[in-house]
file start_10.pdb (PDB, C-alpha atoms, pLDDT in the B column)
ATOM      1  CA  MET Z 704     449.276 172.971  37.794  1.00 73.00           C
ATOM      2  CA  PRO Z 705     451.013 173.091  34.382  1.00 85.00           C
ATOM      3  CA  ASN Z 706     449.271 174.573  31.388  1.00 90.00           C
ATOM      4  CA  PRO Z 707     447.617 172.254  28.840  1.00 95.00           C
ATOM      5  CA  THR Z 708     449.905 171.130  26.031  1.00 96.00           C
ATOM      6  CA  ALA Z 709     449.304 171.251  22.293  1.00 97.00           C
ATOM      7  CA  ALA Z 710     450.733 170.263  18.937  1.00 98.00           C
ATOM      8  CA  MET Z 711     450.012 171.403  15.407  1.00 98.00           C
ATOM      9  CA  LEU Z 712     449.915 169.239  12.293  1.00 98.00           C
ATOM     10  CA  VAL Z 713     450.383 171.193   9.061  1.00 97.00           C
ATOM     11  CA  ILE Z 714     449.255 169.194   6.028  1.00 97.00           C
ATOM     12  CA  GLY Z 715     450.167 169.945   2.440  1.00 94.00           C
ATOM     13  CA  ASP Z 716     452.675 169.271  -0.308  1.00 93.00           C
ATOM     14  CA  GLU Z 717     452.648 172.983  -1.137  1.00 92.00           C
ATOM     15  CA  ILE Z 718     454.232 173.778   2.241  1.00 93.00           C
ATOM     16  CA  LEU Z 719     456.961 171.157   1.897  1.00 93.00           C
ATOM     17  CA  SER Z 720     457.756 172.217  -1.677  1.00 93.00           C
ATOM     18  CA  GLY Z 721     458.279 175.826  -0.647  1.00 92.00           C
ATOM     19  CA  ARG Z 722     455.503 177.034  -2.920  1.00 91.00           C
ATOM     20  CA  THR Z 723     453.457 178.294   0.035  1.00 90.00           C
ATOM     21  CA  ARG Z 724     454.826 179.927   3.183  1.00 89.00           C
ATOM     22  CA  ASP Z 725     452.989 178.771   6.309  1.00 92.00           C
ATOM     23  CA  SER Z 726     451.766 181.587   8.564  1.00 94.00           C
ATOM     24  CA  ASN Z 727     449.217 179.589  10.535  1.00 97.00           C
ATOM     25  CA  MET Z 728     451.733 178.212  13.012  1.00 96.00           C
ATOM     26  CA  HIS Z 729     452.858 181.715  13.964  1.00 96.00           C
ATOM     27  CA  TYR Z 730     449.259 182.829  14.469  1.00 97.00           C
ATOM     28  CA  LEU Z 731     448.317 179.754  16.499  1.00 97.00           C
ATOM     29  CA  ALA Z 732     451.391 180.071  18.722  1.00 96.00           C
ATOM     30  CA  GLN Z 733     450.463 183.649  19.581  1.00 94.00           C
ATOM     31  CA  GLU Z 734     446.834 182.782  20.334  1.00 95.00           C
ATOM     32  CA  PHE Z 735     447.779 179.761  22.451  1.00 95.00           C
ATOM     33  CA  THR Z 736     450.290 181.856  24.392  1.00 92.00           C
ATOM     34  CA  ARG Z 737     447.546 184.327  25.281  1.00 91.00           C
ATOM     35  CA  HIS Z 738     445.152 181.505  26.163  1.00 93.00           C
ATOM     36  CA  GLY Z 739     447.606 179.656  28.383  1.00 92.00           C
ATOM     37  CA  ILE Z 740     448.131 176.621  26.120  1.00 95.00           C
ATOM     38  CA  ASP Z 741     451.692 175.409  25.649  1.00 94.00           C
ATOM     39  CA  LEU Z 742     452.359 174.690  21.959  1.00 96.00           C
ATOM     40  CA  GLN Z 743     455.184 172.160  22.142  1.00 96.00           C
ATOM     41  CA  GLU Z 744     455.448 170.604  18.691  1.00 98.00           C
ATOM     42  CA  VAL Z 745     454.663 171.360  15.055  1.00 98.00           C
ATOM     43  CA  ARG Z 746     454.876 168.743  12.302  1.00 97.00           C
ATOM     44  CA  ILE Z 747     454.518 169.223   8.562  1.00 97.00           C
ATOM     45  CA  VAL Z 748     453.453 166.236   6.471  1.00 97.00           C
ATOM     46  CA  SER Z 749     452.625 165.640   2.833  1.00 95.00           C
ATOM     47  CA  ASP Z 750     449.200 164.954   1.343  1.00 95.00           C
ATOM     48  CA  LYS Z 751     449.609 161.229   1.874  1.00 96.00           C
ATOM     49  CA  ARG Z 752     447.195 159.102   3.889  1.00 96.00           C
ATOM     50  CA  GLU Z 753     449.765 157.098   5.827  1.00 97.00           C
ATOM     51  CA  ALA Z 754     451.797 160.174   6.770  1.00 97.00           C
ATOM     52  CA  ILE Z 755     448.730 162.038   8.052  1.00 98.00           C
ATOM     53  CA  VAL Z 756     447.267 159.123  10.011  1.00 98.00           C
ATOM     54  CA  THR Z 757     450.610 158.190  11.593  1.00 98.00           C
ATOM     55  CA  ALA Z 758     451.427 161.742  12.650  1.00 98.00           C
ATOM     56  CA  LEU Z 759     447.925 162.407  13.918  1.00 98.00           C
ATOM     57  CA  ASN Z 760     447.854 159.291  16.101  1.00 98.00           C
ATOM     58  CA  ALA Z 761     451.257 160.118  17.575  1.00 98.00           C
ATOM     59  CA  LEU Z 762     450.320 163.705  18.392  1.00 98.00           C
ATOM     60  CA  ARG Z 763     446.831 163.133  19.765  1.00 98.00           C
ATOM     61  CA  HIS Z 764     448.138 160.601  22.278  1.00 98.00           C
ATOM     62  CA  ALA Z 765     451.015 162.860  23.368  1.00 98.00           C
ATOM     63  CA  TYR Z 766     449.298 166.228  23.833  1.00 98.00           C
ATOM     64  CA  ASP Z 767     446.122 167.671  25.330  1.00 97.00           C
ATOM     65  CA  HIS Z 768     445.161 169.475  22.111  1.00 97.00           C
ATOM     66  CA  VAL Z 769     446.027 168.941  18.440  1.00 98.00           C
ATOM     67  CA  VAL Z 770     445.225 171.466  15.709  1.00 98.00           C
ATOM     68  CA  THR Z 771     445.474 170.499  12.047  1.00 98.00           C
ATOM     69  CA  SER Z 772     445.754 172.932   9.170  1.00 97.00           C
ATOM     70  CA  GLY Z 773     445.003 172.178   5.517  1.00 95.00           C
ATOM     71  CA  GLY Z 774     443.429 169.482   3.398  1.00 93.00           C
ATOM     72  CA  ILE Z 775     439.687 169.941   4.001  1.00 95.00           C
ATOM     73  CA  GLY Z 776     438.771 171.543   0.670  1.00 93.00           C
ATOM     74  CA  PRO Z 777     436.909 170.193  -2.391  1.00 93.00           C
ATOM     75  CA  THR Z 778     439.767 168.739  -4.454  1.00 92.00           C
ATOM     76  CA  HIS Z 779     441.045 165.162  -4.746  1.00 90.00           C
ATOM     77  CA  ASP Z 780     444.128 165.853  -2.609  1.00 89.00           C
ATOM     78  CA  ASP Z 781     442.084 167.202   0.315  1.00 93.00           C
ATOM     79  CA  ILE Z 782     442.139 164.015   2.377  1.00 96.00           C
ATOM     80  CA  THR Z 783     442.468 165.264   5.948  1.00 97.00           C
ATOM     81  CA  ALA Z 784     438.883 164.502   6.992  1.00 97.00           C
ATOM     82  CA  PRO Z 785     438.933 160.806   5.982  1.00 97.00           C
ATOM     83  CA  CYS Z 786     442.397 160.453   7.503  1.00 98.00           C
ATOM     84  CA  VAL Z 787     441.129 161.783  10.834  1.00 98.00           C
ATOM     85  CA  ALA Z 788     438.233 159.315  10.666  1.00 98.00           C
ATOM     86  CA  GLU Z 789     440.705 156.491   9.995  1.00 98.00           C
ATOM     87  CA  ALA Z 790     442.932 157.542  12.892  1.00 98.00           C
ATOM     88  CA  PHE Z 791     439.962 157.422  15.274  1.00 98.00           C
ATOM     89  CA  GLY Z 792     438.487 154.277  13.719  1.00 98.00           C
ATOM     90  CA  VAL Z 793     435.124 155.862  12.854  1.00 98.00           C
ATOM     91  CA  ALA Z 794     433.070 156.208   9.693  1.00 98.00           C
ATOM     92  CA  ILE Z 795     432.821 159.393   7.637  1.00 97.00           C
ATOM     93  CA  SER Z 796     429.982 160.638   5.462  1.00 96.00           C
ATOM     94  CA  VAL Z 797     428.275 163.785   4.217  1.00 96.00           C
ATOM     95  CA  ARG Z 798     426.463 165.109   7.276  1.00 95.00           C
ATOM     96  CA  ASP Z 799     423.128 166.890   7.092  1.00 96.00           C
ATOM     97  CA  ASP Z 800     424.082 169.908   9.238  1.00 96.00           C
ATOM     98  CA  ALA Z 801     427.312 170.522   7.323  1.00 97.00           C
ATOM     99  CA  ARG Z 802     425.496 170.085   4.014  1.00 96.00           C
ATOM    100  CA  ALA Z 803     422.832 172.582   5.094  1.00 96.00           C
ATOM    101  CA  ILE Z 804     425.502 175.181   5.897  1.00 96.00           C
ATOM    102  CA  LEU Z 805     427.053 174.768   2.466  1.00 95.00           C
ATOM    103  CA  GLN Z 806     423.711 174.696   0.678  1.00 96.00           C
ATOM    104  CA  ALA Z 807     422.626 177.956   2.295  1.00 94.00           C
ATOM    105  CA  ARG Z 808     425.898 179.652   1.392  1.00 93.00           C
ATOM    106  CA  TYR Z 809     425.947 178.543  -2.230  1.00 94.00           C
ATOM    107  CA  ASP Z 810     422.263 179.401  -2.639  1.00 93.00           C
ATOM    108  CA  ARG Z 811     423.053 182.957  -1.521  1.00 93.00           C
ATOM    109  CA  MET Z 812     425.893 183.076  -4.032  1.00 92.00           C
ATOM    110  CA  GLY Z 813     423.811 181.597  -6.841  1.00 93.00           C
ATOM    111  CA  THR Z 814     426.371 178.783  -7.156  1.00 93.00           C
ATOM    112  CA  GLU Z 815     425.729 175.082  -7.498  1.00 94.00           C
ATOM    113  CA  LEU Z 816     426.570 172.822  -4.567  1.00 94.00           C
ATOM    114  CA  ASN Z 817     428.161 170.216  -6.822  1.00 94.00           C
ATOM    115  CA  GLU Z 818     429.787 166.923  -5.945  1.00 93.00           C
ATOM    116  CA  ALA Z 819     433.218 168.459  -5.441  1.00 93.00           C
ATOM    117  CA  ARG Z 820     431.961 171.146  -3.041  1.00 94.00           C
ATOM    118  CA  LEU Z 821     429.916 168.546  -1.201  1.00 94.00           C
ATOM    119  CA  ARG Z 822     433.188 166.861  -0.206  1.00 95.00           C
ATOM    120  CA  MET Z 823     433.567 169.674   2.322  1.00 95.00           C
ATOM    121  CA  ALA Z 824     430.500 168.374   4.178  1.00 96.00           C
ATOM    122  CA  ARG Z 825     432.138 165.021   4.942  1.00 96.00           C
ATOM    123  CA  ILE Z 826     432.393 164.804   8.735  1.00 97.00           C
ATOM    124  CA  PRO Z 827     433.623 161.844  10.823  1.00 98.00           C
ATOM    125  CA  ASP Z 828     431.063 160.234  13.112  1.00 97.00           C
ATOM    126  CA  GLY Z 829     431.004 161.822  16.566  1.00 97.00           C
ATOM    127  CA  ALA Z 830     432.628 165.096  15.544  1.00 98.00           C
ATOM    128  CA  THR Z 831     431.296 168.565  16.328  1.00 97.00           C
ATOM    129  CA  LEU Z 832     431.467 171.351  13.757  1.00 98.00           C
ATOM    130  CA  ILE Z 833     433.787 174.352  13.937  1.00 97.00           C
ATOM    131  CA  GLU Z 834     432.155 177.514  12.597  1.00 95.00           C
ATOM    132  CA  ASN Z 835     433.699 179.124   9.531  1.00 94.00           C
ATOM    133  CA  PRO Z 836     432.280 182.646   9.074  1.00 92.00           C
ATOM    134  CA  VAL Z 837     434.660 183.403   6.185  1.00 93.00           C
ATOM    135  CA  SER Z 838     433.896 180.766   3.543  1.00 90.00           C
ATOM    136  CA  GLY Z 839     431.172 178.662   5.163  1.00 91.00           C
ATOM    137  CA  ALA Z 840     432.722 175.182   4.940  1.00 94.00           C
ATOM    138  CA  PRO Z 841     433.058 174.031   8.549  1.00 96.00           C
ATOM    139  CA  GLY Z 842     435.978 172.456  10.321  1.00 97.00           C
ATOM    140  CA  PHE Z 843     435.357 169.927  13.050  1.00 98.00           C
ATOM    141  CA  THR Z 844     436.538 168.674  16.408  1.00 98.00           C
ATOM    142  CA  LEU Z 845     436.873 164.970  17.181  1.00 98.00           C
ATOM    143  CA  GLY Z 846     438.218 164.047  20.587  1.00 97.00           C
ATOM    144  CA  ASN Z 847     441.158 166.368  21.252  1.00 97.00           C
ATOM    145  CA  VAL Z 848     441.774 167.044  17.537  1.00 98.00           C
ATOM    146  CA  HIS Z 849     440.599 170.304  15.941  1.00 98.00           C
ATOM    147  CA  VAL Z 850     440.579 170.158  12.133  1.00 98.00           C
ATOM    148  CA  MET Z 851     440.852 173.480  10.309  1.00 97.00           C
ATOM    149  CA  ALA Z 852     441.424 174.901   6.847  1.00 96.00           C
ATOM    150  CA  GLY Z 853     444.819 175.942   5.537  1.00 95.00           C
ATOM    151  CA  VAL Z 854     443.856 179.326   4.049  1.00 95.00           C
ATOM    152  CA  PRO Z 855     445.131 181.795   6.682  1.00 96.00           C
ATOM    153  CA  SER Z 856     442.007 183.970   6.878  1.00 96.00           C
ATOM    154  CA  VAL Z 857     439.799 180.895   7.288  1.00 96.00           C
ATOM    155  CA  PHE Z 858     442.203 179.243   9.720  1.00 97.00           C
ATOM    156  CA  GLN Z 859     442.230 182.334  11.914  1.00 97.00           C
ATOM    157  CA  ALA Z 860     438.437 182.533  11.917  1.00 96.00           C
ATOM    158  CA  MET Z 861     438.208 178.861  12.910  1.00 97.00           C
ATOM    159  CA  VAL Z 862     440.726 179.365  15.728  1.00 97.00           C
ATOM    160  CA  SER Z 863     438.579 182.218  17.034  1.00 95.00           C
ATOM    161  CA  SER Z 864     435.526 179.950  16.875  1.00 94.00           C
ATOM    162  CA  VAL Z 865     437.055 177.012  18.738  1.00 94.00           C
ATOM    163  CA  LEU Z 866     439.465 178.650  21.190  1.00 94.00           C
ATOM    164  CA  PRO Z 867     436.774 179.539  23.771  1.00 92.00           C
ATOM    165  CA  THR Z 868     435.894 175.822  23.993  1.00 90.00           C
ATOM    166  CA  MET Z 869     439.477 174.767  24.732  1.00 89.00           C
ATOM    167  CA  THR Z 870     440.709 174.490  28.307  1.00 83.00           C
ATOM    168  CA  GLY Z 871     443.510 176.980  28.835  1.00 85.00           C
ATOM    169  CA  GLY Z 872     445.776 177.968  31.681  1.00 87.00           C
ATOM    170  CA  ARG Z 873     447.816 180.947  32.788  1.00 87.00           C
ATOM    171  CA  PRO Z 874     449.017 183.205  29.948  1.00 86.00           C
ATOM    172  CA  LEU Z 875     452.703 182.889  29.123  1.00 84.00           C
ATOM    173  CA  LEU Z 876     454.582 186.103  29.938  1.00 89.00           C
ATOM    174  CA  SER Z 877     457.895 187.077  28.388  1.00 89.00           C
ATOM    175  CA  GLN Z 878     460.576 189.738  28.601  1.00 92.00           C
ATOM    176  CA  SER Z 879     463.714 190.172  26.550  1.00 92.00           C
ATOM    177  CA  LEU Z 880     467.192 191.681  26.896  1.00 91.00           C
ATOM    178  CA  ARG Z 881     469.597 192.425  24.067  1.00 92.00           C
ATOM    179  CA  ILE Z 882     473.159 191.693  25.123  1.00 92.00           C
ATOM    180  CA  ASP Z 883     475.972 192.773  22.807  1.00 90.00           C
ATOM    181  CA  ARG Z 884     478.241 189.880  23.649  1.00 90.00           C
ATOM    182  CA  GLY Z 885     478.835 186.562  21.946  1.00 89.00           C
ATOM    183  CA  GLU Z 886     477.001 183.517  23.257  1.00 91.00           C
ATOM    184  CA  GLY Z 887     480.285 182.025  24.402  1.00 89.00           C
ATOM    185  CA  ASP Z 888     480.670 184.935  26.843  1.00 89.00           C
ATOM    186  CA  ILE Z 889     477.177 184.700  28.304  1.00 92.00           C
ATOM    187  CA  ALA Z 890     476.593 180.928  28.294  1.00 92.00           C
ATOM    188  CA  GLY Z 891     477.907 180.335  31.820  1.00 93.00           C
ATOM    189  CA  PRO Z 892     475.850 183.025  33.585  1.00 91.00           C
ATOM    190  CA  LEU Z 893     472.750 182.073  31.574  1.00 92.00           C
ATOM    191  CA  GLY Z 894     473.098 178.423  32.563  1.00 93.00           C
ATOM    192  CA  ALA Z 895     473.409 179.370  36.233  1.00 94.00           C
ATOM    193  CA  LEU Z 896     470.368 181.633  35.930  1.00 94.00           C
ATOM    194  CA  ALA Z 897     468.340 178.837  34.356  1.00 93.00           C
ATOM    195  CA  ASP Z 898     469.291 176.565  37.266  1.00 95.00           C
ATOM    196  CA  ARG Z 899     468.044 179.165  39.744  1.00 95.00           C
ATOM    197  CA  TYR Z 900     464.722 179.541  37.903  1.00 95.00           C
ATOM    198  CA  PRO Z 901     463.707 176.017  36.835  1.00 94.00           C
ATOM    199  CA  ASP Z 902     460.093 177.064  36.225  1.00 91.00           C
ATOM    200  CA  LEU Z 903     461.114 179.587  33.574  1.00 92.00           C
ATOM    201  CA  SER Z 904     462.180 179.125  29.971  1.00 92.00           C
ATOM    202  CA  ILE Z 905     465.340 181.112  29.223  1.00 93.00           C
ATOM    203  CA  GLY Z 906     466.369 181.188  25.578  1.00 92.00           C
ATOM    204  CA  SER Z 907     469.338 182.772  23.816  1.00 93.00           C
ATOM    205  CA  TYR Z 908     468.942 183.865  20.188  1.00 93.00           C
ATOM    206  CA  PRO Z 909     472.221 185.057  18.608  1.00 93.00           C
ATOM    207  CA  PHE Z 910     472.655 187.774  16.001  1.00 92.00           C
ATOM    208  CA  GLN Z 911     475.391 189.639  14.168  1.00 89.00           C
ATOM    209  CA  ARG Z 912     474.915 193.291  13.278  1.00 85.00           C
ATOM    210  CA  ASN Z 913     477.552 195.580  11.811  1.00 83.00           C
ATOM    211  CA  GLY Z 914     480.261 193.162  12.823  1.00 82.00           C
ATOM    212  CA  VAL Z 915     479.044 192.963  16.419  1.00 84.00           C
ATOM    213  CA  PHE Z 916     478.025 189.610  17.892  1.00 89.00           C
ATOM    214  CA  GLY Z 917     475.207 189.565  20.400  1.00 91.00           C
ATOM    215  CA  ALA Z 918     472.183 187.677  21.642  1.00 91.00           C
ATOM    216  CA  ASN Z 919     468.594 188.397  22.491  1.00 92.00           C
ATOM    217  CA  VAL Z 920     467.851 186.605  25.751  1.00 93.00           C
ATOM    218  CA  VAL Z 921     464.159 185.878  26.246  1.00 94.00           C
ATOM    219  CA  VAL Z 922     462.717 184.871  29.617  1.00 94.00           C
ATOM    220  CA  ARG Z 923     459.291 183.232  29.561  1.00 90.00           C
ATOM    221  CA  GLY Z 924     457.001 181.911  32.254  1.00 88.00           C
ATOM    222  CA  THR Z 925     453.551 182.087  33.795  1.00 88.00           C
ATOM    223  CA  ASP Z 926     454.763 183.723  37.044  1.00 90.00           C
ATOM    224  CA  GLY Z 927     455.285 187.415  36.373  1.00 91.00           C
ATOM    225  CA  ALA Z 928     457.243 187.972  39.582  1.00 94.00           C
ATOM    226  CA  GLN Z 929     459.744 185.263  38.628  1.00 94.00           C
ATOM    227  CA  VAL Z 930     460.118 186.669  35.116  1.00 94.00           C
ATOM    228  CA  ASP Z 931     460.773 190.141  36.568  1.00 94.00           C
ATOM    229  CA  ALA Z 932     463.310 188.753  39.022  1.00 95.00           C
ATOM    230  CA  ALA Z 933     465.209 186.828  36.367  1.00 94.00           C
ATOM    231  CA  ILE Z 934     465.330 189.822  34.034  1.00 94.00           C
ATOM    232  CA  SER Z 935     466.589 192.012  36.913  1.00 93.00           C
ATOM    233  CA  GLU Z 936     469.387 189.530  37.601  1.00 93.00           C
ATOM    234  CA  LEU Z 937     470.318 189.502  33.927  1.00 91.00           C
ATOM    235  CA  ALA Z 938     470.427 193.298  33.833  1.00 90.00           C
ATOM    236  CA  THR Z 939     472.736 193.263  36.860  1.00 91.00           C
ATOM    237  CA  LEU Z 940     475.024 190.677  35.273  1.00 89.00           C
ATOM    238  CA  PHE Z 941     475.131 192.546  31.976  1.00 89.00           C
ATOM    239  CA  PRO Z 942     474.595 196.268  32.705  1.00 86.00           C
ATOM    240  CA  GLU Z 943     475.053 197.147  29.022  1.00 81.00           C
ATOM    241  CA  ALA Z 944     471.981 195.059  28.119  1.00 75.00           C
ATOM    242  CA  LEU Z 945     469.001 196.773  26.536  1.00 69.00           C
ATOM    243  CA  GLN Z 946     465.505 195.660  27.495  1.00 66.00           C
ATOM    244  CA  GLN Z 947     463.140 195.236  24.568  1.00 61.00           C
ATOM    245  CA  GLN Z 948     459.773 193.730  23.764  1.00 53.00           C
ATOM    246  CA  ALA Z 949     459.916 189.914  23.686  1.00 54.00           C
TER
END

call {"tool": "encode", "arguments": {"input": "start_10.pdb", "output": "structure tokens"}}
result
Amino acid sequence: MPNPTAAMLVIGDEILSGRTRDSNMHYLAQEFTRHGIDLQEVRIVSDKREAIVTALNALRHAYDHVVTSGGIGPTHDDITAPCVAEAFGVAISVRDDARAILQARYDRMGTELNEARLRMARIPDGATLIENPVSGAPGFTLGNVHVMAGVPSVFQAMVSSVLPTMTGGRPLLSQSLRIDRGEGDIAGPLGALADRYPDLSIGSYPFQRNGVFGANVVVRGTDGAQVDAAISELATLFPEALQQQA
């Protein structure tokens, strides 16, 4: 049985402008790999209602899981929560349990829970909260969509909170060989190898170092015996290859 599939929707003008470098996708890909969830697509959209709703509806119907990142803070451009509600056709309002979490946190800090901060307690009808042990303001899950903050430390904490609730599969295993030949020299044998191992993903990632052309060939799959066999064949085809961590 194939592993569950997933997509990620990264939301924010600051990502598209280059002002902020996204690290959440890299973290999520690693965690999903360990959990046996196949991350197949990542989209980045601006802080615009139509863009978010359109992308979200496309992804949630195409994949088993969707994780969003960004746009659930207290400012005017944090519109992810109402966009998720619109995509699902449900109402959104300040919810008592989310408000209580925020109230308790700001009371401890001696800070007012003002109207702007209260925006972070807006939860679509039918959603369940995702714990946020870092800054308090919860994310939420609605259907197969998991809505999380964009700040990396908070995003990672939310992933840790929700991952145990997500159906996973067999962890994805990988091995890598460095071959100091150009891709044009190895393309034929790699294609034949991929045909012999249709259940594996075999990728070639070229490099140039000190005037030498080469490629890192990465073999991935959930069957460790098949991965080992494919790597052994590669090492036989290219005895100069160096095995390295994938």

call {"tool": "closest_residue", "arguments": {"input": "start_10.pdb", "among": "Z:Val797, Z:Leu731, Z:Val922, Z:Ala761", "to": "Ser863 in chain Z", "atoms": "only C-alpha atoms"}}
result
Z:Leu731

call {"tool": "residues_near_point", "arguments": {"input": "start_10.pdb", "point": "(424.8, 173.9, 8.2)", "cutoff": "10 Å", "atoms": "all atoms listed in the file", "output": "PDB file with C-alpha atoms, in the frame of the given file"}}
result
ATOM      1  CA  ARG Z 798     426.463 165.109   7.276  1.00 95.00           C
ATOM      2  CA  ASP Z 799     423.128 166.890   7.092  1.00 96.00           C
ATOM      3  CA  ASP Z 800     424.082 169.908   9.238  1.00 96.00           C
ATOM      4  CA  ALA Z 801     427.312 170.522   7.323  1.00 97.00           C
ATOM      5  CA  ARG Z 802     425.496 170.085   4.014  1.00 96.00           C
ATOM      6  CA  ALA Z 803     422.832 172.582   5.094  1.00 96.00           C
ATOM      7  CA  ILE Z 804     425.502 175.181   5.897  1.00 96.00           C
ATOM      8  CA  LEU Z 805     427.053 174.768   2.466  1.00 95.00           C
ATOM      9  CA  GLN Z 806     423.711 174.696   0.678  1.00 96.00           C
ATOM     10  CA  ALA Z 807     422.626 177.956   2.295  1.00 94.00           C
ATOM     11  CA  ARG Z 808     425.898 179.652   1.392  1.00 93.00           C
ATOM     12  CA  ALA Z 824     430.500 168.374   4.178  1.00 96.00           C
ATOM     13  CA  LEU Z 832     431.467 171.351  13.757  1.00 98.00           C
ATOM     14  CA  GLU Z 834     432.155 177.514  12.597  1.00 95.00           C
ATOM     15  CA  GLY Z 839     431.172 178.662   5.163  1.00 91.00           C
ATOM     16  CA  ALA Z 840     432.722 175.182   4.940  1.00 94.00           C
ATOM     17  CA  PRO Z 841     433.058 174.031   8.549  1.00 96.00           C
TER      18      PRO Z 841
END

call {"tool": "residues_around", "arguments": {"input": "start_10.pdb", "residues": "Arg881 in chain Z", "least_positions_apart": "3", "cutoff": "12 Å", "atoms": "all atoms listed in the file", "output": "ChimeraX atom specification"}}
result
/Z:878,884-886,889,906-911,916-922,934,937-938,941-949

call {"tool": "write_last_selection", "arguments": {"input": "start_10.pdb", "atoms": "C-alpha atoms", "output": "PDB file, keeping the file's coordinate frame"}}
result
ATOM      1  CA  GLN Z 878     460.576 189.738  28.601  1.00 92.00           C
ATOM      2  CA  ARG Z 884     478.241 189.880  23.649  1.00 90.00           C
ATOM      3  CA  GLY Z 885     478.835 186.562  21.946  1.00 89.00           C
ATOM      4  CA  GLU Z 886     477.001 183.517  23.257  1.00 91.00           C
ATOM      5  CA  ILE Z 889     477.177 184.700  28.304  1.00 92.00           C
ATOM      6  CA  GLY Z 906     466.369 181.188  25.578  1.00 92.00           C
ATOM      7  CA  SER Z 907     469.338 182.772  23.816  1.00 93.00           C
ATOM      8  CA  TYR Z 908     468.942 183.865  20.188  1.00 93.00           C
ATOM      9  CA  PRO Z 909     472.221 185.057  18.608  1.00 93.00           C
ATOM     10  CA  PHE Z 910     472.655 187.774  16.001  1.00 92.00           C
ATOM     11  CA  GLN Z 911     475.391 189.639  14.168  1.00 89.00           C
ATOM     12  CA  PHE Z 916     478.025 189.610  17.892  1.00 89.00           C
ATOM     13  CA  GLY Z 917     475.207 189.565  20.400  1.00 91.00           C
ATOM     14  CA  ALA Z 918     472.183 187.677  21.642  1.00 91.00           C
ATOM     15  CA  ASN Z 919     468.594 188.397  22.491  1.00 92.00           C
ATOM     16  CA  VAL Z 920     467.851 186.605  25.751  1.00 93.00           C
ATOM     17  CA  VAL Z 921     464.159 185.878  26.246  1.00 94.00           C
ATOM     18  CA  VAL Z 922     462.717 184.871  29.617  1.00 94.00           C
ATOM     19  CA  ILE Z 934     465.330 189.822  34.034  1.00 94.00           C
ATOM     20  CA  LEU Z 937     470.318 189.502  33.927  1.00 91.00           C
ATOM     21  CA  ALA Z 938     470.427 193.298  33.833  1.00 90.00           C
ATOM     22  CA  PHE Z 941     475.131 192.546  31.976  1.00 89.00           C
ATOM     23  CA  PRO Z 942     474.595 196.268  32.705  1.00 86.00           C
ATOM     24  CA  GLU Z 943     475.053 197.147  29.022  1.00 81.00           C
ATOM     25  CA  ALA Z 944     471.981 195.059  28.119  1.00 75.00           C
ATOM     26  CA  LEU Z 945     469.001 196.773  26.536  1.00 69.00           C
ATOM     27  CA  GLN Z 946     465.505 195.660  27.495  1.00 66.00           C
ATOM     28  CA  GLN Z 947     463.140 195.236  24.568  1.00 61.00           C
ATOM     29  CA  GLN Z 948     459.773 193.730  23.764  1.00 53.00           C
ATOM     30  CA  ALA Z 949     459.916 189.914  23.686  1.00 54.00           C
TER      31      ALA Z 949
END

call {"tool": "atom_distance", "arguments": {"input": "start_10.pdb", "atom1": "CA of Thr771 in chain Z", "atom2": "CA of Pro855 in chain Z"}}
result
12.5 Å

call {"tool": "axis_aligned_box", "arguments": {"input": "start_10.pdb", "around": "range 736-748 of chain Z", "padding_each_side": "6 Å", "output": "JSON"}}
result
{"center_x": 450.3, "center_y": 175.3, "center_z": 17.4, "size_x": 22.3, "size_y": 30.1, "size_z": 33.9}

call {"tool": "resolve_selection", "arguments": {"input": "start_10.pdb", "expression": "the PyMOL selection byres ((chain Z and resi 854) around 10)", "output": "PDB file with C-alpha atoms, keeping the file's coordinate frame"}}
result
ATOM      1  CA  ASP Z 725     452.989 178.771   6.309  1.00 92.00           C
ATOM      2  CA  SER Z 726     451.766 181.587   8.564  1.00 94.00           C
ATOM      3  CA  ASN Z 727     449.217 179.589  10.535  1.00 97.00           C
ATOM      4  CA  SER Z 772     445.754 172.932   9.170  1.00 97.00           C
ATOM      5  CA  GLY Z 773     445.003 172.178   5.517  1.00 95.00           C
ATOM      6  CA  GLY Z 774     443.429 169.482   3.398  1.00 93.00           C
ATOM      7  CA  GLY Z 776     438.771 171.543   0.670  1.00 93.00           C
ATOM      8  CA  MET Z 851     440.852 173.480  10.309  1.00 97.00           C
ATOM      9  CA  ALA Z 852     441.424 174.901   6.847  1.00 96.00           C
ATOM     10  CA  GLY Z 853     444.819 175.942   5.537  1.00 95.00           C
ATOM     11  CA  PRO Z 855     445.131 181.795   6.682  1.00 96.00           C
ATOM     12  CA  SER Z 856     442.007 183.970   6.878  1.00 96.00           C
ATOM     13  CA  VAL Z 857     439.799 180.895   7.288  1.00 96.00           C
ATOM     14  CA  PHE Z 858     442.203 179.243   9.720  1.00 97.00           C
ATOM     15  CA  GLN Z 859     442.230 182.334  11.914  1.00 97.00           C
TER      16      GLN Z 859
END

call {"tool": "closest_residue", "arguments": {"input": "start_10.pdb", "among": "Z:Leu816, Z:Ile826, Z:Leu742, Z:Leu866", "to": "Ile795 in chain Z", "atoms": "only C-alpha atoms"}}
result
Z:Ile826

call {"tool": "resolve_selection", "arguments": {"input": "start_10.pdb", "expression": "the PyMOL selection byres ((chain Z and resi 712) around 7)", "output": "ChimeraX atom specification"}}
result
/Z:710-711,713-714,745-747,770-772

call {"tool": "closest_residue", "arguments": {"input": "start_10.pdb", "among": "Z:Pro705, Z:Ser864, Z:Phe791, Z:Gly721", "to": "Ala830 in chain Z", "atoms": "all atoms listed in the file"}}
result
Z:Phe791

call {"tool": "resolve_selection", "arguments": {"input": "start_10.pdb", "expression": "the PyMOL selection byres ((chain Z and resi 928-933) around 10)", "output": "list of chain:residue names"}}
result
Z:Leu876, Z:Ser877, Z:Gln878, Z:Ser879, Z:Leu896, Z:Ala897, Z:Arg899, Z:Tyr900, Z:Asp902, Z:Leu903, Z:Ser904, Z:Ile905, Z:Val921, Z:Val922, Z:Arg923, Z:Gly924, Z:Thr925, Z:Asp926, Z:Gly927, Z:Ile934, Z:Ser935, Z:Glu936, Z:Leu937, Z:Ala938, Z:Thr939
